[in-house]
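entry25.pdb (PDB, C-alpha atoms) appears below.
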ATOM      1  CA  MET A   1     -43.753  57.303  52.111
ATOM      2  CA  LEU A   2     -41.967  56.980  54.673
ATOM      3  CA  ALA A   3     -42.246  57.475  58.295
ATOM      4  CA  LYS A   4     -44.078  54.228  58.029
ATOM      5  CA  PHE A   5     -45.214  53.319  54.589
ATOM      6  CA  SER A   6     -47.317  50.863  52.867
ATOM      7  CA  VAL A   7     -46.494  49.230  49.624
ATOM      8  CA  ILE A   8     -48.952  46.444  49.749
ATOM      9  CA  GLY A   9     -52.064  45.449  47.931
ATOM     10  CA  THR A  10     -53.327  45.706  44.412
ATOM     11  CA  LEU A  11     -53.956  48.713  42.259
ATOM     12  CA  CYS A  12     -57.439  49.382  40.985
ATOM     13  CA  LEU A  13     -57.007  51.189  37.701
ATOM     14  CA  ALA A  14     -59.794  52.465  35.487
ATOM     15  CA  LEU A  15     -59.599  51.532  31.826
ATOM     16  CA  VAL A  16     -59.781  54.610  29.671
ATOM     17  CA  ALA A  17     -61.366  54.686  26.245
ATOM     18  CA  ALA A  18     -59.068  56.332  23.757
ATOM     19  CA  LYS A  19     -60.498  58.574  21.064
ATOM     20  CA  PRO A  20     -58.950  59.257  17.670
ATOM     21  CA  VAL A  21     -56.466  62.096  17.631
ATOM     22  CA  ASP A  22     -58.116  65.331  16.587
ATOM     23  CA  MET A  23     -55.687  67.018  14.241
ATOM     24  CA  ALA A  24     -57.236  70.307  15.241
ATOM     25  CA  ASP A  25     -55.878  69.840  18.724
ATOM     26  CA  THR A  26     -52.843  71.993  19.340
ATOM     27  CA  ILE A  27     -50.332  70.644  21.835
ATOM     28  CA  THR A  28     -47.572  72.929  22.956
ATOM     29  CA  ALA A  29     -45.220  71.469  25.516
ATOM     30  CA  ALA A  30     -43.922  73.615  28.325
ATOM     31  CA  THR A  31     -40.223  74.170  28.718
ATOM     32  CA  ALA A  32     -38.464  71.862  31.139
ATOM     33  CA  PRO A  33     -37.522  73.788  34.286
ATOM     34  CA  THR A  34     -34.010  75.090  34.716
ATOM     35  CA  PRO A  35     -32.444  73.764  37.935
ATOM     36  CA  THR A  36     -31.987  76.360  40.640
ATOM     37  CA  GLY A  37     -30.193  76.284  43.942
ATOM     38  CA  ASP A  38     -27.443  73.964  45.075
ATOM     39  CA  SER A  39     -26.981  70.683  43.255
ATOM     40  CA  TYR A  40     -28.441  67.781  45.162
ATOM     41  CA  ASP A  41     -26.714  64.463  45.643
ATOM     42  CA  PRO A  42     -28.603  61.725  47.528
ATOM     43  CA  SER A  43     -25.302  60.416  48.848
ATOM     44  CA  ASP A  44     -25.156  63.602  50.934
ATOM     45  CA  LEU A  45     -28.295  62.687  52.881
ATOM     46  CA  ASP A  46     -27.700  62.599  56.610
ATOM     47  CA  PRO A  47     -28.599  59.109  57.935
ATOM     48  CA  ALA A  48     -29.939  60.831  61.035
ATOM     49  CA  ASN A  49     -32.706  62.324  58.884
ATOM     50  CA  ARG A  50     -33.994  58.971  57.678
ATOM     51  CA  ALA A  51     -37.499  58.214  58.883
ATOM     52  CA  PRO A  52     -37.644  55.320  61.358
ATOM     53  CA  VAL A  53     -38.270  51.895  59.867
ATOM     54  CA  THR A  54     -41.300  50.725  61.811
ATOM     55  CA  PRO A  55     -42.976  47.323  61.403
ATOM     56  CA  VAL A  56     -46.419  47.729  59.836
ATOM     57  CA  PRO A  57     -49.373  45.386  59.326
ATOM     58  CA  SER A  58     -49.633  43.666  55.952
ATOM     59  CA  VAL A  59     -52.117  46.329  54.795
ATOM     60  CA  VAL A  60     -52.561  49.622  56.641
ATOM     61  CA  PRO A  61     -55.956  51.417  56.618
ATOM     62  CA  GLU A  62     -54.786  54.140  54.239
ATOM     63  CA  GLU A  63     -53.661  51.567  51.722
ATOM     64  CA  GLN A  64     -56.863  49.601  52.101
ATOM     65  CA  ALA A  65     -58.815  52.783  51.366
ATOM     66  CA  ARG A  66     -56.776  53.444  48.237
ATOM     67  CA  LEU A  67     -57.360  49.908  47.031
ATOM     68  CA  GLN A  68     -61.057  50.752  46.776
ATOM     69  CA  LEU A  69     -60.413  53.704  44.451
ATOM     70  CA  THR A  70     -60.827  53.749  40.696
ATOM     71  CA  LEU A  71     -57.737  55.564  39.474
ATOM     72  CA  GLY A  72     -56.701  56.962  36.124
ATOM     73  CA  ILE A  73     -54.103  55.204  34.016
ATOM     74  CA  ALA A  74     -50.805  56.760  32.949
ATOM     75  CA  HIS A  75     -50.759  54.957  29.607
ATOM     76  CA  GLY A  76     -47.404  53.404  28.788
ATOM     77  CA  GLY A  77     -46.118  54.171  32.278
ATOM     78  CA  ALA A  78     -44.620  51.955  34.956
ATOM     79  CA  LEU A  79     -48.029  50.506  35.872
ATOM     80  CA  ASP A  80     -49.226  50.060  32.300
ATOM     81  CA  LEU A  81     -46.531  47.895  30.749
ATOM     82  CA  PRO A  82     -47.400  45.124  28.272
ATOM     83  CA  PRO A  83     -46.958  41.516  29.402
ATOM     84  CA  ALA A  84     -43.451  40.157  28.979
ATOM     85  CA  PRO A  85     -43.122  38.394  25.605
ATOM     86  CA  THR A  86     -42.127  34.754  25.332
ATOM     87  CA  PRO A  87     -38.348  34.571  25.854
ATOM     88  CA  GLY A  88     -36.368  34.355  22.630
ATOM     89  CA  PRO A  89     -32.797  34.909  21.477
ATOM     90  CA  GLN A  90     -31.073  37.687  23.376
ATOM     91  CA  VAL A  91     -30.550  40.800  21.303
ATOM     92  CA  GLY A  92     -28.191  43.547  22.382
ATOM     93  CA  ASN A  93     -29.982  46.780  23.330
ATOM     94  CA  ASP A  94     -29.941  49.607  25.824
ATOM     95  CA  PHE A  95     -32.148  47.696  28.244
ATOM     96  CA  ALA A  96     -30.084  44.537  28.550
ATOM     97  CA  ALA A  97     -27.423  46.115  30.751
ATOM     98  CA  ASN A  98     -30.103  47.225  33.197
ATOM     99  CA  ALA A  99     -31.322  43.747  34.068
ATOM    100  CA  ALA A 100     -28.517  42.769  36.449
ATOM    101  CA  PRO A 101     -29.467  44.138  39.915
ATOM    102  CA  GLY A 102     -31.630  41.844  42.017
ATOM    103  CA  ASN A 103     -33.231  44.781  43.836
ATOM    104  CA  ALA A 104     -34.153  48.345  43.003
ATOM    105  CA  GLN A 105     -33.834  51.060  45.649
ATOM    106  CA  ILE A 106     -36.008  54.152  45.873
ATOM    107  CA  THR A 107     -35.330  57.090  48.174
ATOM    108  CA  ILE A 108     -38.075  59.644  48.800
ATOM    109  CA  VAL A 109     -36.887  62.909  50.276
ATOM    110  CA  ASN A 110     -39.003  65.810  51.500
ATOM    111  CA  ARG A 111     -37.731  69.187  50.339
ATOM    112  CA  HIS A 112     -41.212  70.675  50.408
ATOM    113  CA  ASN A 113     -41.955  73.708  52.559
ATOM    114  CA  GLY A 114     -43.507  71.559  55.270
ATOM    115  CA  PRO A 115     -44.201  67.968  56.330
ATOM    116  CA  ILE A 116     -45.862  65.564  53.918
ATOM    117  CA  THR A 117     -47.962  62.429  54.340
ATOM    118  CA  THR A 118     -47.499  59.329  52.236
ATOM    119  CA  VAL A 119     -48.980  55.921  51.624
ATOM    120  CA  HIS A 120     -47.525  52.994  49.679
ATOM    121  CA  VAL A 121     -49.746  50.662  47.709
ATOM    122  CA  ARG A 122     -48.375  47.451  46.274
ATOM    123  CA  GLY A 123     -49.750  46.318  42.960
ATOM    124  CA  GLU A 124     -48.004  43.024  42.255
ATOM    125  CA  GLY A 125     -44.996  41.027  43.369
ATOM    126  CA  PRO A 126     -43.137  40.802  46.677
ATOM    127  CA  ALA A 127     -43.606  43.357  49.430
ATOM    128  CA  PRO A 128     -41.004  46.128  49.539
ATOM    129  CA  LYS A 129     -38.666  46.420  52.493
ATOM    130  CA  GLY A 130     -37.551  49.464  54.447
ATOM    131  CA  ASN A 131     -39.622  52.620  54.931
ATOM    132  CA  VAL A 132     -43.024  51.263  53.976
ATOM    133  CA  GLY A 133     -46.564  51.656  55.268
ATOM    134  CA  ALA A 134     -48.267  55.014  55.700
ATOM    135  CA  GLY A 135     -47.022  57.990  57.621
ATOM    136  CA  ARG A 136     -45.274  61.323  57.637
ATOM    137  CA  LEU A 137     -42.007  62.803  56.423
ATOM    138  CA  ASN A 138     -40.944  66.016  58.070
ATOM    139  CA  GLN A 139     -39.164  68.669  56.066
ATOM    140  CA  GLY A 140     -35.657  67.397  55.309
ATOM    141  CA  GLN A 141     -36.461  63.800  56.199
ATOM    142  CA  HIS A 142     -36.092  60.927  53.762
ATOM    143  CA  GLY A 143     -37.029  57.283  53.564
ATOM    144  CA  ILE A 144     -35.617  54.382  51.590
ATOM    145  CA  PHE A 145     -37.280  51.203  50.398
ATOM    146  CA  THR A 146     -36.107  48.358  48.212
ATOM    147  CA  VAL A 147     -38.116  46.209  45.820
ATOM    148  CA  ALA A 148     -37.399  42.827  44.275
ATOM    149  CA  HIS A 149     -38.095  41.363  40.842
ATOM    150  CA  GLY A 150     -41.791  41.367  39.959
ATOM    151  CA  TRP A 151     -42.807  44.354  42.116
ATOM    152  CA  SER A 152     -45.112  47.130  41.054
ATOM    153  CA  GLY A 153     -46.860  49.793  43.084
ATOM    154  CA  HIS A 154     -47.327  53.471  43.787
ATOM    155  CA  VAL A 155     -46.761  56.036  46.513
ATOM    156  CA  ALA A 156     -49.414  58.721  47.047
ATOM    157  CA  LEU A 157     -48.211  62.047  48.464
ATOM    158  CA  ASN A 158     -49.855  65.083  50.035
ATOM    159  CA  VAL A 159     -49.137  67.816  52.538
ATOM    160  CA  ALA A 160     -49.451  66.733  56.164
ATOM    161  CA  GLY A 161     -52.950  67.013  57.556
ATOM    162  CA  LYS A 162     -54.621  66.413  54.186
ATOM    163  CA  SER A 163     -56.033  63.159  52.875
ATOM    164  CA  VAL A 164     -53.961  60.690  50.863
ATOM    165  CA  THR A 165     -57.006  58.548  50.096
ATOM    166  CA  THR A 166     -59.177  60.744  47.839
ATOM    167  CA  GLY A 167     -57.602  59.446  44.630
ATOM    168  CA  ASP A 168     -56.601  62.957  43.505
ATOM    169  CA  GLU A 169     -53.043  63.007  44.862
ATOM    170  CA  SER A 170     -49.670  63.209  43.107
ATOM    171  CA  LEU A 171     -48.244  59.711  42.594
ATOM    172  CA  VAL A 172     -44.846  58.102  42.224
ATOM    173  CA  GLU A 173     -45.491  54.976  40.160
ATOM    174  CA  GLY A 174     -42.951  52.191  39.820
ATOM    175  CA  SER A 175     -42.322  48.655  38.640
ATOM    176  CA  PHE A 176     -39.427  46.204  38.486
ATOM    177  CA  LYS A 177     -40.768  43.634  36.075
ATOM    178  CA  ASN A 178     -39.677  41.403  33.221
ATOM    179  CA  GLN A 179     -40.076  43.485  30.078
ATOM    180  CA  GLY A 180     -38.778  40.779  27.772
ATOM    181  CA  HIS A 181     -35.117  41.640  28.176
ATOM    182  CA  GLY A 182     -34.786  40.971  31.869
ATOM    183  CA  PHE A 183     -36.180  42.679  34.930
ATOM    184  CA  ILE A 184     -36.164  46.410  34.273
ATOM    185  CA  GLY A 185     -36.901  49.308  36.604
ATOM    186  CA  ASP A 186     -39.413  51.964  35.591
ATOM    187  CA  ILE A 187     -40.336  55.031  37.655
ATOM    188  CA  ASN A 188     -42.675  57.832  36.602
ATOM    189  CA  VAL A 189     -44.579  60.677  38.264
ATOM    190  CA  SER A 190     -48.307  60.880  37.588
ATOM    191  CA  TYR A 191     -50.642  63.839  37.915
ATOM    192  CA  VAL A 192     -53.287  61.963  35.871
ATOM    193  CA  ASP A 193     -55.583  61.776  38.891
ATOM    194  CA  GLY A 194     -54.626  65.164  40.274
ATOM    195  CA  PHE A 195     -51.896  67.297  41.798
ATOM    196  CA  SER A 196     -51.060  67.766  45.457
ATOM    197  CA  VAL A 197     -47.288  68.334  45.724
ATOM    198  CA  PRO A 198     -44.532  68.643  43.091
ATOM    199  CA  VAL A 199     -42.387  65.529  42.567
ATOM    200  CA  LEU A 200     -39.264  64.902  40.502
ATOM    201  CA  CYS A 201     -37.545  61.504  40.294
ATOM    202  CA  TRP A 202     -34.135  60.681  38.871
ATOM    203  CA  CYS A 203     -31.611  57.918  38.468
ATOM    204  CA  ASN A 204     -28.809  58.445  40.987
ATOM    205  CA  GLN A 205     -26.204  57.082  38.583
ATOM    206  CA  ASN A 206     -26.797  59.168  35.453
ATOM    207  CA  LYS A 207     -29.217  61.905  36.669
ATOM    208  CA  LYS A 208     -31.849  61.140  34.016
ATOM    209  CA  THR A 209     -35.163  62.482  35.307
ATOM    210  CA  ALA A 210     -38.926  61.986  35.211
ATOM    211  CA  GLY A 211     -41.486  64.231  36.874
ATOM    212  CA  CYS A 212     -42.003  67.914  37.462
ATOM    213  CA  SER A 213     -40.833  70.035  40.393
ATOM    214  CA  LYS A 214     -42.993  73.053  39.513
ATOM    215  CA  ASN A 215     -45.495  74.018  42.203
ATOM    216  CA  LEU A 216     -48.642  74.231  40.100
ATOM    217  CA  TRP A 217     -50.593  75.864  42.948
ATOM    218  CA  SER A 218     -48.475  78.993  42.525
ATOM    219  CA  LEU A 219     -48.646  79.026  38.717
ATOM    220  CA  GLY A 220     -52.349  78.839  37.960
ATOM    221  CA  LYS A 221     -55.908  78.417  39.225
ATOM    222  CA  CYS A 222     -57.083  74.922  40.055
ATOM    223  CA  PRO A 223     -60.324  74.095  38.207
ATOM    224  CA  ASN A 224     -61.450  71.522  40.762
ATOM    225  CA  ASN A 225     -59.994  71.876  44.245
ATOM    226  CA  ASN A 226     -61.077  68.842  46.277
ATOM    227  CA  GLY A 227     -60.655  70.641  49.595
ATOM    228  CA  GLN A 228     -58.089  68.075  50.769
ATOM    229  CA  GLY A 229     -54.923  69.599  49.326
ATOM    230  CA  SER A 230     -55.313  68.215  45.809
ATOM    231  CA  CYS A 231     -56.461  69.595  42.469
ATOM    232  CA  LYS A 232     -58.489  66.942  40.663
ATOM    233  CA  ASN A 233     -57.427  66.550  37.038
ATOM    234  CA  PRO A 234     -60.458  67.320  34.816
ATOM    235  CA  ASN A 235     -58.964  65.270  31.958
ATOM    236  CA  ARG A 236     -58.722  62.021  33.896
ATOM    237  CA  GLY A 237     -60.319  59.226  31.877
ATOM    238  CA  LYS A 238     -61.526  61.600  29.178
ATOM    239  CA  GLY A 239     -59.253  60.438  26.337
ATOM    240  CA  ALA A 240     -57.664  63.890  26.204
ATOM    241  CA  HIS A 241     -54.644  64.552  23.984
ATOM    242  CA  SER A 242     -53.417  67.644  25.781
ATOM    243  CA  PRO A 243     -53.299  68.832  29.408
ATOM    244  CA  ALA A 244     -55.777  71.068  31.159
ATOM    245  CA  PRO A 245     -54.357  74.610  31.631
ATOM    246  CA  PHE A 246     -53.559  74.118  35.339
ATOM    247  CA  PHE A 247     -51.409  71.056  34.529
ATOM    248  CA  LYS A 248     -49.784  72.389  31.343
ATOM    249  CA  PRO A 249     -46.556  73.720  32.985
ATOM    250  CA  CYS A 250     -45.568  70.087  33.660
ATOM    251  CA  PHE A 251     -46.269  68.932  30.097
ATOM    252  CA  TYR A 252     -42.922  68.327  28.415
ATOM    253  CA  PRO A 253     -40.864  65.240  27.500
ATOM    254  CA  GLY A 254     -39.682  63.691  30.744
ATOM    255  CA  GLY A 255     -42.179  65.692  32.808
ATOM    256  CA  ALA A 256     -45.052  64.339  34.874
ATOM    257  CA  TYR A 257     -48.019  62.586  33.308
ATOM    258  CA  THR A 258     -50.573  65.382  32.926
ATOM    259  CA  PHE A 259     -53.215  63.332  31.083
ATOM    260  CA  ASP A 260     -53.727  59.632  30.439
ATOM    261  CA  ASP A 261     -51.854  59.421  27.116
ATOM    262  CA  ASP A 262     -48.942  61.684  28.077
ATOM    263  CA  SER A 263     -46.515  58.805  27.434
ATOM    264  CA  ALA A 264     -43.498  61.054  26.753
ATOM    265  CA  ALA A 265     -43.410  61.441  30.538
ATOM    266  CA  ASN A 266     -42.193  57.856  30.968
ATOM    267  CA  SER A 267     -38.532  58.768  30.486
ATOM    268  CA  LEU A 268     -36.828  56.530  33.072
ATOM    269  CA  ASN A 269     -37.969  53.136  31.797
ATOM    270  CA  GLY A 270     -34.827  51.011  31.471
ATOM    271  CA  ARG A 271     -32.598  54.060  31.781
ATOM    272  CA  CYS A 272     -31.061  53.512  35.224
ATOM    273  CA  PRO A 273     -28.385  50.777  35.142
ATOM    274  CA  ASP A 274     -27.860  50.464  38.907
ATOM    275  CA  GLU A 275     -31.608  50.764  39.671
ATOM    276  CA  HIS A 276     -31.122  53.340  42.445
ATOM    277  CA  TYR A 277     -33.595  56.222  42.267
ATOM    278  CA  THR A 278     -34.383  59.375  44.213
ATOM    279  CA  CYS A 279     -37.834  60.972  44.198
ATOM    280  CA  CYS A 280     -37.764  64.491  45.630
ATOM    281  CA  VAL A 281     -40.904  66.267  46.830
ATOM    282  CA  GLY A 282     -40.818  70.042  46.629
ATOM    283  CA  ALA A 283     -40.547  72.964  44.248
ATOM    284  CA  GLY A 284     -37.138  73.295  42.630
ATOM    285  CA  CYS A 285     -35.970  69.716  43.313
ATOM    286  CA  HIS A 286     -33.345  68.589  40.835
ATOM    287  CA  PRO A 287     -30.465  66.092  40.697
TER
END
Encoded form using structure tokens:
Amino acid sequence: MLAKFSVIGTLCLALVAAKPVDMADTITAATAPTPTGDSYDPSDLDPANRAPVTPVPSVVPEEQARLQLTLGIAHGGALDLPPAPTPGPQVGNDFAANAAPGNAQITIVNRHNGPITTVHVRGEGPAPKGNVGAGRLNQGQHGIFTVAHGWSGHVALNVAGKSVTTGDESLVEGSFKNQGHGFIGDINVSYVDGFSVPVLCWCNQNKKTAGCSKNLWSLGKCPNNNGQGSCKNPNRGKGAHSPAPFFKPCFYPGGAYTFDDDSAANSLNGRCPDEHYTCCVGAGCHP
């Protein structure tokens, strides 16, 4: 996202017909990865490595191209929340404490083995501020953007030199909307459309995570390489109840969405009190 990013526009999402669960289906979740390497603290980021904040037009060409796409839906995820119910008596719950901040902050850092390209697409609400638009993050660079109440959108990611407008890329999806108990942040990683680069997001405050930092390219054979750095997910929009083999290593509670109904992947909804998140691109990323 970041060298110049774009979080503007509206998401075009394809409605997916759900089929009854086939009890003959066997779903075996992969094991969540064990963190390796040095622990990573976003507060240690060198400000000198932040991508420049460059003014961008209201909608950049890459975002406009993505707005024409029909994308899969990560059911129950940040971009598939039910409408806020009519306000009623306040009831104490885990979400209530998360409604206080007026803005959510998202840092995207590149720990991949090379530069990445990004594009922001806004779904609803006010435009984000900071590193927005479309552009490039070199290895070790990071960008930061903030969003206000009512925002939703996604960030598409790919290796530099490859397209971020095919609709098959890894996505960071987010929203900061009224869920009936105040404005609540929700961040998830989606490989429903396809996989390009590994992404893991977490709450800076409590280190709760969502996403998958496994490099699927090195773990299996892509069934549908689009020739632009992404593996198209064959289960997109098919009403599947389990992941395709290539995507299975990221299928576990709190992992990435690997098929439309992989709702156990939405593990950060209302679970980050200060609404400050880091999304790390690269194999082995962890809080």
Excluding region 212-221 of chain A and residues on its chain fewer than 2 positions from it, collect all residues at most 10 Å away from it, counting all atoms listed in the file, and give them as a VMD selection string. chain A and resid 32 to 33 35 112 189 to 191 195 to 201 209 to 210 223 to 225 229 to 231 245 to 252 254 to 257 265 280 to 286
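Here the question is which of A:Pro52, A:Gly182, A:Gly270, A:Pro253 gets nearest to Asn131 (chain A) using only C-alpha atoms, and that residue is A:Pro52.
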CA of Gly237 (chain A) to CA of Ala160 (chain A), straight-line distance in Å: 27.6 Å
At what distance in Å, to one decimal, does CA of Ser263 (chain A) lie from CA of Lys129 (chain A)? 29.0 Å
Neighbouring residues of region 139-143 of chain A were defined as those with any atom within 6 Å, considering only C-alpha atoms; residues of the same chain fewer than 3 positions away were excluded. Please report them as a list of chain:residue names. A:Leu2, A:Asn49, A:Arg50, A:Ala51, A:Thr107, A:Ile108, A:Val109, A:Asn110, A:Arg111, A:Gly114, A:Pro115, A:Asn131
Taking the file above as input, evaluate the PyMOL selection byres ((chain A and resi 155) around 10) and report the hits as a short mmCIF file (atom, residue, chain, number, x, y, z; two decimals) with C-alpha atoms, in the frame of the given file.
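Printed below is selection.cif as written:
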data_model
loop_
_atom_site.label_atom_id
_atom_site.label_comp_id
_atom_site.auth_asym_id
_atom_site.auth_seq_id
_atom_site.Cartn_x
_atom_site.Cartn_y
_atom_site.Cartn_z
CA MET A 1 -43.75 57.30 52.11
CA LEU A 2 -41.97 56.98 54.67
CA PHE A 5 -45.21 53.32 54.59
CA SER A 6 -47.32 50.86 52.87
CA VAL A 7 -46.49 49.23 49.62
CA GLU A 63 -53.66 51.57 51.72
CA ILE A 108 -38.08 59.64 48.80
CA THR A 118 -47.50 59.33 52.24
CA VAL A 119 -48.98 55.92 51.62
CA HIS A 120 -47.52 52.99 49.68
CA VAL A 121 -49.75 50.66 47.71
CA ARG A 122 -48.38 47.45 46.27
CA VAL A 132 -43.02 51.26 53.98
CA GLY A 133 -46.56 51.66 55.27
CA ALA A 134 -48.27 55.01 55.70
CA GLY A 153 -46.86 49.79 43.08
CA HIS A 154 -47.33 53.47 43.79
CA ALA A 156 -49.41 58.72 47.05
CA LEU A 157 -48.21 62.05 48.46
CA VAL A 164 -53.96 60.69 50.86
CA GLU A 169 -53.04 63.01 44.86
CA SER A 170 -49.67 63.21 43.11
CA LEU A 171 -48.24 59.71 42.59
CA VAL A 172 -44.85 58.10 42.22
CA GLU A 173 -45.49 54.98 40.16
CA GLY A 174 -42.95 52.19 39.82
CA VAL A 189 -44.58 60.68 38.26
#
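Between CA of Asn138 (chain A) and CA of Asn103 (chain A) lies a distance of 26.7 Å.
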